[in-house]
Structures are given as structure tokens and as C-alpha cells.
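Shown here: final-v8.cif, mmCIF, C-alpha atoms.
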```cif
data_target
loop_
_atom_site.label_atom_id
_atom_site.label_comp_id
_atom_site.auth_asym_id
_atom_site.auth_seq_id
_atom_site.Cartn_x
_atom_site.Cartn_y
_atom_site.Cartn_z
CA MET A 281 -17.45 12.74 -30.31
CA ASN A 282 -14.14 13.05 -32.13
CA THR A 283 -11.43 10.46 -32.63
CA GLU A 284 -9.20 11.79 -29.85
CA GLU A 285 -11.98 11.76 -27.29
CA GLN A 286 -12.74 8.19 -28.29
CA ALA A 287 -9.06 7.23 -27.89
CA VAL A 288 -9.02 8.76 -24.39
CA LEU A 289 -12.21 6.95 -23.42
CA ASP A 290 -10.69 3.68 -24.65
CA ALA A 291 -7.54 4.31 -22.58
CA ALA A 292 -9.62 5.08 -19.48
CA ARG A 293 -11.62 1.89 -19.99
CA ARG A 294 -8.35 -0.07 -20.21
CA PHE A 295 -7.39 1.44 -16.85
CA TYR A 296 -10.66 0.36 -15.22
CA ASP A 297 -10.42 -3.05 -16.88
CA ALA A 298 -6.99 -3.27 -15.21
CA ILE A 299 -8.55 -2.51 -11.82
CA GLU A 300 -11.13 -5.24 -12.42
CA GLN A 301 -8.36 -7.68 -13.30
CA LEU A 302 -6.43 -7.01 -10.12
CA VAL A 303 -9.43 -7.17 -7.79
CA SER A 304 -10.47 -10.45 -9.38
CA GLY A 305 -7.06 -11.99 -8.78
CA LYS A 306 -5.67 -11.72 -12.31
CA GLY A 307 -2.63 -9.70 -11.36
CA LEU A 308 -1.08 -6.37 -12.24
CA GLY A 309 -0.03 -6.83 -15.87
CA ALA A 310 -2.91 -4.81 -17.31
CA MET A 311 -2.33 -2.02 -14.79
CA ARG A 312 1.32 -1.82 -15.84
CA ASP A 313 0.17 -1.38 -19.44
CA ALA A 314 -2.50 1.23 -18.67
CA CYS A 315 -0.20 3.74 -16.94
CA HIS A 316 2.87 5.72 -17.87
CA HIS A 317 5.88 4.80 -15.74
CA SER A 318 7.87 7.80 -14.58
CA ASP A 319 8.64 9.82 -11.48
CA ARG A 320 6.03 12.35 -12.58
CA VAL A 321 2.89 10.28 -12.12
CA THR A 322 0.53 10.47 -9.13
CA SER A 323 -2.29 8.51 -7.58
CA ALA A 324 -4.70 8.65 -4.66
CA HIS A 325 -6.80 5.60 -3.88
CA PRO A 326 -10.11 5.19 -2.01
CA SER A 327 -8.01 4.35 1.03
CA GLY A 328 -4.62 5.81 1.65
CA GLU A 329 -2.80 8.96 0.71
CA TRP A 330 -0.97 10.32 -2.31
CA SER A 331 1.54 8.14 -4.07
CA VAL A 332 4.11 9.90 -6.25
CA GLY A 333 6.20 8.16 -8.92
CA TRP A 334 5.48 4.86 -10.64
CA ASP A 335 7.39 2.66 -8.16
CA GLU A 336 5.36 4.01 -5.26
CA ILE A 337 2.11 3.83 -7.20
CA PHE A 338 2.79 0.27 -8.30
CA ALA A 339 3.38 -0.71 -4.65
CA SER A 340 -0.02 0.79 -3.79
CA TRP A 341 -1.70 -1.24 -6.55
CA GLU A 342 0.06 -4.30 -5.16
CA VAL A 343 -1.82 -3.75 -1.90
CA PHE A 344 -5.17 -3.99 -3.70
CA SER A 345 -3.97 -6.88 -5.82
CA GLY A 346 -3.09 -8.70 -2.59
CA PHE A 347 -6.80 -8.69 -1.76
CA GLY A 348 -7.77 -9.83 -5.24
CA ARG A 349 -9.60 -13.11 -5.80
CA ALA A 350 -11.82 -14.52 -8.53
CA ASP A 351 -14.98 -14.08 -6.48
CA ARG A 352 -14.16 -10.49 -5.53
CA GLY A 353 -14.53 -9.03 -9.03
CA GLY A 354 -17.49 -7.11 -10.40
CA SER A 355 -16.33 -3.48 -10.41
CA ARG A 356 -17.67 -1.20 -13.14
CA ILE A 357 -17.86 2.42 -14.20
CA ARG A 358 -20.62 4.69 -15.44
CA ASP A 359 -20.89 8.21 -16.87
CA LEU A 360 -17.37 8.18 -18.29
CA LYS A 361 -16.55 11.49 -19.99
CA ALA A 362 -13.37 12.68 -21.71
CA PHE A 363 -12.00 16.20 -22.23
CA VAL A 364 -8.99 16.57 -24.51
CA TYR A 365 -6.49 19.45 -24.46
CA GLY A 366 -3.77 18.64 -26.98
CA GLU A 367 -1.47 15.96 -25.60
CA LEU A 368 -3.27 15.96 -22.23
CA ALA A 369 -6.78 14.88 -21.37
CA TYR A 370 -8.84 14.18 -18.33
CA THR A 371 -11.75 11.91 -17.65
CA THR A 372 -14.46 11.84 -15.05
CA CYS A 373 -16.57 8.87 -14.10
CA ILE A 374 -18.30 7.08 -11.29
CA PHE A 375 -16.46 3.95 -10.23
CA ILE A 376 -18.64 1.31 -8.60
CA ALA A 377 -16.49 -0.97 -6.49
CA SER A 378 -17.15 -4.69 -6.62
CA PRO A 379 -19.28 -6.10 -3.79
CA GLY A 380 -16.19 -7.76 -2.32
CA PHE A 381 -14.53 -4.35 -2.11
CA GLY A 382 -17.47 -2.61 -0.47
CA GLY A 383 -19.67 -1.82 -3.48
CA GLU A 384 -19.49 1.93 -2.99
CA SER A 385 -19.92 4.47 -5.84
CA LEU A 386 -16.94 6.82 -6.06
CA PRO A 387 -16.47 9.94 -8.23
CA CYS A 388 -13.08 9.61 -9.94
CA THR A 389 -10.81 11.78 -12.07
CA ASN A 390 -7.96 10.60 -14.28
CA VAL A 391 -5.43 12.61 -16.24
CA LEU A 392 -4.01 10.97 -19.35
CA HIS A 393 -0.98 11.91 -21.43
CA ARG A 394 -0.44 10.98 -25.08
CA MET A 395 3.14 9.79 -25.49
CA ASN A 396 4.37 8.28 -28.74
CA GLY A 397 0.78 8.31 -29.92
CA VAL A 398 -0.53 6.27 -26.97
CA TRP A 399 -2.81 7.61 -24.25
CA LYS A 400 -2.04 6.35 -20.76
CA VAL A 401 -2.90 7.43 -17.22
CA VAL A 402 -0.49 9.81 -15.43
CA HIS A 403 -2.76 10.80 -12.54
CA HIS A 404 -5.56 8.96 -10.79
CA HIS A 405 -7.79 10.22 -8.04
CA ALA A 406 -10.69 8.38 -6.44
CA ASN A 407 -12.81 9.66 -3.60
CA ARG A 408 -12.24 8.11 -0.22
CA SER A 409 -14.38 5.03 0.46
CA PRO A 410 -15.06 4.06 4.08
CA LYS A 411 -17.02 1.02 2.87
CA MET A 412 -14.03 -0.22 0.89
CA GLU A 413 -11.73 0.29 3.86
CA ALA A 414 -14.12 -1.69 6.07
CA ALA A 415 -14.45 -4.49 3.51
CA LEU A 416 -10.71 -4.85 3.08
CA GLU A 417 -10.06 -4.73 6.81
CA LYS A 418 -12.59 -7.53 7.27
CA ILE A 419 -10.81 -9.60 4.62
CA ALA A 420 -7.42 -8.89 6.22
CA LYS A 421 -8.64 -9.96 9.64
CA GLU A 422 -10.12 -13.17 8.24
CA ALA A 423 -6.81 -14.12 6.61
CA MET B 198 20.92 1.95 28.20
CA SER B 199 19.71 1.90 24.59
CA LYS B 200 21.33 1.18 21.25
CA THR B 201 20.04 2.56 17.96
CA GLN B 202 20.75 1.29 14.47
CA ARG B 203 19.72 3.39 11.48
CA MET B 204 19.29 2.14 7.91
CA GLY B 205 18.68 4.17 4.74
CA ASP B 206 18.67 7.96 4.67
CA ASP B 207 16.43 10.91 5.48
CA ARG B 208 14.13 10.17 2.52
CA ALA B 209 13.57 6.48 3.19
CA GLY B 210 14.75 4.24 5.96
CA PHE B 211 14.14 2.79 9.36
CA SER B 212 15.72 2.88 12.80
CA VAL B 213 15.80 0.21 15.48
CA THR B 214 16.35 1.07 19.12
CA VAL B 215 16.83 -1.62 21.74
CA GLU B 216 15.99 -0.47 25.25
CA GLU B 217 17.42 -3.31 27.30
CA SER B 218 16.32 -1.96 30.67
CA ILE B 219 12.64 -2.29 29.73
CA SER B 220 13.02 -5.18 27.22
CA THR B 221 11.60 -3.10 24.43
CA ILE B 222 12.54 -2.78 20.77
CA ARG B 223 11.31 0.40 19.08
CA VAL B 224 11.28 0.56 15.29
CA ARG B 225 10.49 3.66 13.28
CA ALA B 226 10.11 3.56 9.49
CA TRP B 227 9.74 6.33 6.92
CA GLY B 228 9.54 7.03 3.17
CA PHE B 229 9.33 4.69 0.19
CA TRP B 230 11.76 1.80 0.59
CA ASN B 231 13.78 0.54 -2.34
CA PRO B 232 13.95 -3.27 -2.66
CA GLU B 233 17.36 -3.53 -0.98
CA LEU B 234 16.34 -1.51 2.06
CA ALA B 235 12.99 -3.28 2.23
CA GLY B 236 14.67 -6.66 2.07
CA SER B 237 16.90 -5.86 5.05
CA PHE B 238 14.05 -4.87 7.36
CA GLY B 239 13.07 -8.29 8.64
CA THR B 240 16.63 -9.42 9.30
CA VAL B 241 17.77 -6.20 11.00
CA VAL B 242 14.73 -6.00 13.27
CA GLY B 243 14.83 -9.74 13.97
CA ASP B 244 18.51 -9.51 14.95
CA ALA B 245 17.70 -6.61 17.29
CA CYS B 246 14.93 -8.64 18.91
CA SER B 247 17.35 -11.51 19.51
CA THR B 248 19.73 -9.22 21.45
CA CYS B 249 17.02 -7.79 23.71
CA PRO B 250 16.34 -9.38 27.11
CA GLN B 251 13.38 -11.74 26.69
CA PRO B 252 10.44 -11.80 26.77
CA SER B 253 10.40 -8.49 24.96
CA VAL B 254 7.96 -5.94 23.55
CA LEU B 255 8.19 -4.72 19.97
CA VAL B 256 6.77 -1.38 18.82
CA ILE B 257 6.88 -0.69 15.07
CA ASP B 258 5.95 2.84 14.06
CA MET B 259 4.92 2.74 10.40
CA SER B 260 3.09 6.07 10.45
CA ALA B 261 5.56 7.78 8.10
CA ILE B 262 6.04 5.00 5.56
CA LYS B 263 4.67 4.70 2.02
CA PRO B 264 3.11 1.52 0.59
CA ILE B 265 5.65 -1.26 0.80
CA CYS B 266 7.01 -2.97 -2.32
CA HIS B 267 6.96 -6.75 -2.80
CA GLU B 268 10.38 -7.21 -1.15
CA GLY B 269 9.21 -5.21 1.86
CA GLN B 270 6.06 -7.27 2.22
CA ARG B 271 8.12 -10.44 2.17
CA SER B 272 10.56 -8.94 4.68
CA PHE B 273 7.78 -7.85 7.05
CA GLY B 274 6.30 -11.33 6.72
CA THR B 275 9.66 -12.90 7.58
CA LEU B 276 9.78 -10.82 10.74
CA MET B 277 6.20 -11.77 11.69
CA ASP B 278 7.02 -15.44 11.16
CA ALA B 279 10.10 -15.15 13.39
CA LEU B 280 8.49 -13.31 16.32
CA PRO B 281 7.30 -16.32 18.34
CA GLY B 282 10.79 -17.85 18.22
CA LEU B 283 12.33 -14.56 19.32
CA HIS B 284 10.16 -14.54 22.47
CA VAL B 285 8.51 -11.25 21.59
CA LYS B 286 5.46 -11.31 23.85
CA SER B 287 3.60 -8.45 22.18
CA THR B 288 3.94 -6.38 19.04
CA THR B 289 2.28 -3.07 18.32
CA VAL B 290 2.21 -1.65 14.79
CA VAL B 291 1.36 2.04 14.53
CA THR B 292 -0.02 3.33 11.22
CA SER B 293 -1.59 6.54 9.99
CA ASN B 294 -2.35 5.50 6.40
CA GLN B 295 -5.23 3.04 6.02
CA LEU B 296 -3.66 1.45 2.95
CA ILE B 297 -0.49 0.64 4.91
CA LYS B 298 -2.54 -0.75 7.78
CA LEU B 299 -4.43 -3.05 5.42
CA GLN B 300 -1.21 -4.17 3.78
CA LEU B 301 0.52 -5.03 7.06
CA LEU B 302 -2.59 -6.41 8.78
CA ARG B 303 -3.07 -8.97 6.01
CA ILE B 304 0.55 -10.12 6.31
CA ALA B 305 0.48 -10.27 10.12
CA ASN B 306 -2.74 -12.27 10.14
CA GLN B 307 -1.20 -14.86 7.83
CA SER B 308 1.70 -15.42 10.25
CA PRO B 309 2.11 -17.46 13.45
CA ALA B 310 2.27 -14.14 15.32
CA LYS B 311 -1.43 -13.55 14.57
CA GLY B 312 -3.15 -12.63 17.80
CA ALA B 313 -0.02 -11.16 19.38
CA VAL B 314 0.14 -8.22 16.97
CA GLN B 315 -1.96 -5.14 17.68
CA PHE B 316 -2.55 -2.31 15.24
CA THR B 317 -3.07 1.23 16.48
CA GLN B 318 -3.74 4.49 14.72
CA ALA B 319 -1.19 7.30 15.02
CA GLU B 320 -3.05 10.36 16.23
CA GLN B 321 -0.41 13.04 16.17
CA GLY B 322 2.24 11.96 13.70
CA PRO B 323 5.04 9.45 14.17
CA LEU B 324 6.03 8.21 17.60
CA ALA B 325 9.20 9.66 19.03
CA THR B 326 12.07 7.22 19.43
#
```
Would you mind writing the file's structure down as C-alpha cells?
Amino acid sequence: MNTEEQAVLDAARRFYDAIEQLVSGKGLGAMRDACHHSDRVTSAHPSGEWSVGWDEIFASWEVFSGFGRADRGGSRIRDLKAFVYGELAYTTCIFIASPGFGGESLPCTNVLHRMNGVWKVVHHHANRSPKMEAALEKIAKEA
Amino acid sequence: MSKTQRMGDDRAGFSVTVEESISTIRVRAWGFWNPELAGSFGTVVGDACSTCPQPSVLVIDMSAIKPICHEGQRSFGTLMDALPGLHVKSTTVVTSNQLIKLQLLRIANQSPAKGAVQFTQAEQGPLAT
């Protein structure tokens, strides 16, 4: 593995660390840091549709953060791989949602862009997760 | 007789129609709201509810909206909190995006209107107003 691939893997891990922080009630600060903020970024979550532009994407992360709580953490990833093409790279992995968020295993793809020497996420796509939708709906109804 | 108020533009906004003859307020929302537009939602819809013959029915079609920013969540929550005092006897929220449903369901269930708010799935696009 070369240095660039390692840098991309590190950036992807920061992104998934940010997800873990928000589902465990620690807020959105790490997510802000893990992503580029522009109108040309995109995201599709396990529930929901495409979000385009950072403002819209941030609002979608706020939804998940709203369900975050210390005892709802425990998400992780496995089989993370990076593929670098100059200033762009993509990663694949399996995201395993925390038990509080349904616990489902989801294939995920992320595109990262190196800007000013720093790799950050510009596109995120996770497979749809009926178990996550059901878990969050249960939480919402218990509110 | 009905009166319609429209806020925002074709990209992002909402409309509120008061149908006095059937004591119904119909709201339709679309696009990604900026904080200013989002912040006005609760007040505009609440004011419309107060002008409608009571008890009234409120139908909020959120099937064409994007996830709502912090100001919008607060504004939707303000409206939910106000509903019992506005003598709205039932509220239906129509969504097509599961993320939006979860977002609004959580807010509604934290309000005094909990139990009087029903969520339904849009089957063929937004409701006509």
C-alpha cells in the first residue's frame, strides 16, 4: 500500500468515526471536518433520498444526530479498501450499523477529493437499510 | 371559498390554503428551505390555523421537501406545540422520504399534539392543493 492509499483510508476512517460520534450523541463536529463543504457534494443515506450540496447534506446528518445517544453507539466498518486516481479516490467498505440503529451490514461507497493536500469526502452512498428505518421509527414513536 | 398564501419560490417554499367551508388548512412544502424560510413556517401555518373556523383539520404535504435544517425543525416543533391551542382536531403529515418522516415524527411525538398527528405515505407524488 502506498502513502496516498493510506491517506485516503485514514480520511475514510475519520468519516466513519464521525458517524459513530453522531450516533452516540457526540454531535456533528467531526462530520463537518470529514467532508468538503460545497454545492458539488452528494450523499445518499440508508434511509432517504439523494442530498445535493453541503447545506442539504448537513441537514440530513442532523436527522441522524437527532437520534444519537450515548447508548446507541457501536457502529463499525470492515473490508475498507481505497483506490486512488490522482486528486480523486474512492473507497468501498461494509458499514455495520450500531445495534441501536438496526445493526444491519451495508455496502458503502465514498468518493474523496484531495484539496489543499487534505482528503475529504465529497460523495457518500450507503445501501438502503430497512432495519435501520424500523429502528429509528421505533425510537421516534417512543419519544 | 379558499385563500392561499405562498412563501419562497419554485425551488423551495411552502403554500398554505385555508378552506373555510370545510374547516381545513392544506399546506404543501417543497425543496430545501433556507433558515429564514424555515423559520417562518410555524408562524405562517399557525396564523392560518387561527383564521380557520374551528375545530379544524390540518393536512401538511411534505412529500416534496428535503431534510429540514435546524431552524425548520424548531419551526415545525413550534407549530406542533401550538396545535392544541389552535383547536386543530386532527393533523395529517404526508411524506414520501423516510428520512423526512423520521425527522418530523420525532418532533411531533415530543409535542403536546402527540396522538393527534397521523403520518401517511405519499403514493403518487405530492397532494394537489
* **Point-to-point distance in Å for atom CA of B:Asp258 and atom CA of B:Ser220** => 17.0 Å
* To do: Compile the contact shell of B:Gln315 as a count of residues only: residues with an atom at most 10 Å away, counting all atoms listed in the file, same-chain residues fewer than 6 positions apart removed.
  => 8
* Asked: On this structure, which residues satisfy the PyMOL selection byres ((chain A) within 12 of (chain B)), written as number ranges by chain?
  -> A: 324-347, 408-410, 412-423
Restricting it to C-alpha atoms, dump the selection as a compact mmCIF listing (two decimals), keeping the file's coordinate frame.
```txt
# COMPACT_ATOMS: atom_id res chain seq x y z
CA ALA A 324 -4.70 8.65 -4.66
CA HIS A 325 -6.80 5.60 -3.88
CA PRO A 326 -10.11 5.19 -2.01
CA SER A 327 -8.01 4.35 1.03
CA GLY A 328 -4.62 5.81 1.65
CA GLU A 329 -2.80 8.96 0.71
CA TRP A 330 -0.97 10.32 -2.31
CA SER A 331 1.54 8.14 -4.07
CA VAL A 332 4.11 9.90 -6.25
CA GLY A 333 6.20 8.16 -8.92
CA TRP A 334 5.48 4.86 -10.64
CA ASP A 335 7.39 2.66 -8.16
CA GLU A 336 5.36 4.01 -5.26
CA ILE A 337 2.11 3.83 -7.20
CA PHE A 338 2.79 0.27 -8.30
CA ALA A 339 3.38 -0.71 -4.65
CA SER A 340 -0.02 0.79 -3.79
CA TRP A 341 -1.70 -1.24 -6.55
CA GLU A 342 0.06 -4.30 -5.16
CA VAL A 343 -1.82 -3.75 -1.90
CA PHE A 344 -5.17 -3.99 -3.70
CA SER A 345 -3.97 -6.88 -5.82
CA GLY A 346 -3.09 -8.70 -2.59
CA PHE A 347 -6.80 -8.69 -1.76
CA ARG A 408 -12.24 8.11 -0.22
CA SER A 409 -14.38 5.03 0.46
CA PRO A 410 -15.06 4.06 4.08
CA MET A 412 -14.03 -0.22 0.89
CA GLU A 413 -11.73 0.29 3.86
CA ALA A 414 -14.12 -1.69 6.07
CA ALA A 415 -14.45 -4.49 3.51
CA LEU A 416 -10.71 -4.85 3.08
CA GLU A 417 -10.06 -4.73 6.81
CA LYS A 418 -12.59 -7.53 7.27
CA ILE A 419 -10.81 -9.60 4.62
CA ALA A 420 -7.42 -8.89 6.22
CA LYS A 421 -8.64 -9.96 9.64
CA GLU A 422 -10.12 -13.17 8.24
CA ALA A 423 -6.81 -14.12 6.61
```
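Evaluated on this file, the PyMOL selection byres ((chain B and resi 262) around 6) matches Ala226, Trp227, Gly228, Met259, Ser260, Ala261 and Lys263 of chain B.
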* Mind pulling up the distance from atom CA of B:Val314 to atom CA of B:Thr292? ->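 It comes out at 12.9 Å.
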* **Residues matched by the PyMOL selection byres ((chain A and resi 285) around 9) as a ChimeraX atom specification** => /A:281-284,286-290,361-364,369
* Restricting the calculation to only C-alpha atoms, which member of A:Asn407, A:Ser304, A:Thr371, A:Ser355 is positioned closest to A:His393? -> A:Thr371
* Structure fact -> One decimal place gives the atom CA of B:Ala279-atom CA of B:Ser218 separation as 22.6 Å
* Residues near B:Arg223, cut-off 12 Å, only C-alpha atoms, skip fewer than 4 positions along chain, as a PyMOL selection string -> chain B and resi 199-203+211-217+219+242-243+245-246+249+253-259+288-291+324-326
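Using all atoms listed in the file, the shortest contact distance between A:Val401 and any of A:Tyr370, A:Gln301, A:Arg356, A:Tyr365 is found at A:Tyr370.
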* Asked: Near A:Gly305, within 6 Å and counting only C-alpha atoms, which residues show up once chain neighbours fewer than 4 positions away are dropped, as a list in words?
  -> Gly348, Arg349 and Ala350 of chain A
* **Near-A:Leu386 list (7 Å; all atoms listed in the file; drop same-chain fewer than 6 positions) as number ranges by chain** => A: 374-376, 406-407
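Nearest to A:Cys315 of all the residues A:Phe295, A:Thr372, A:Leu302, A:Ala377 is A:Phe295, counting only C-alpha atoms.
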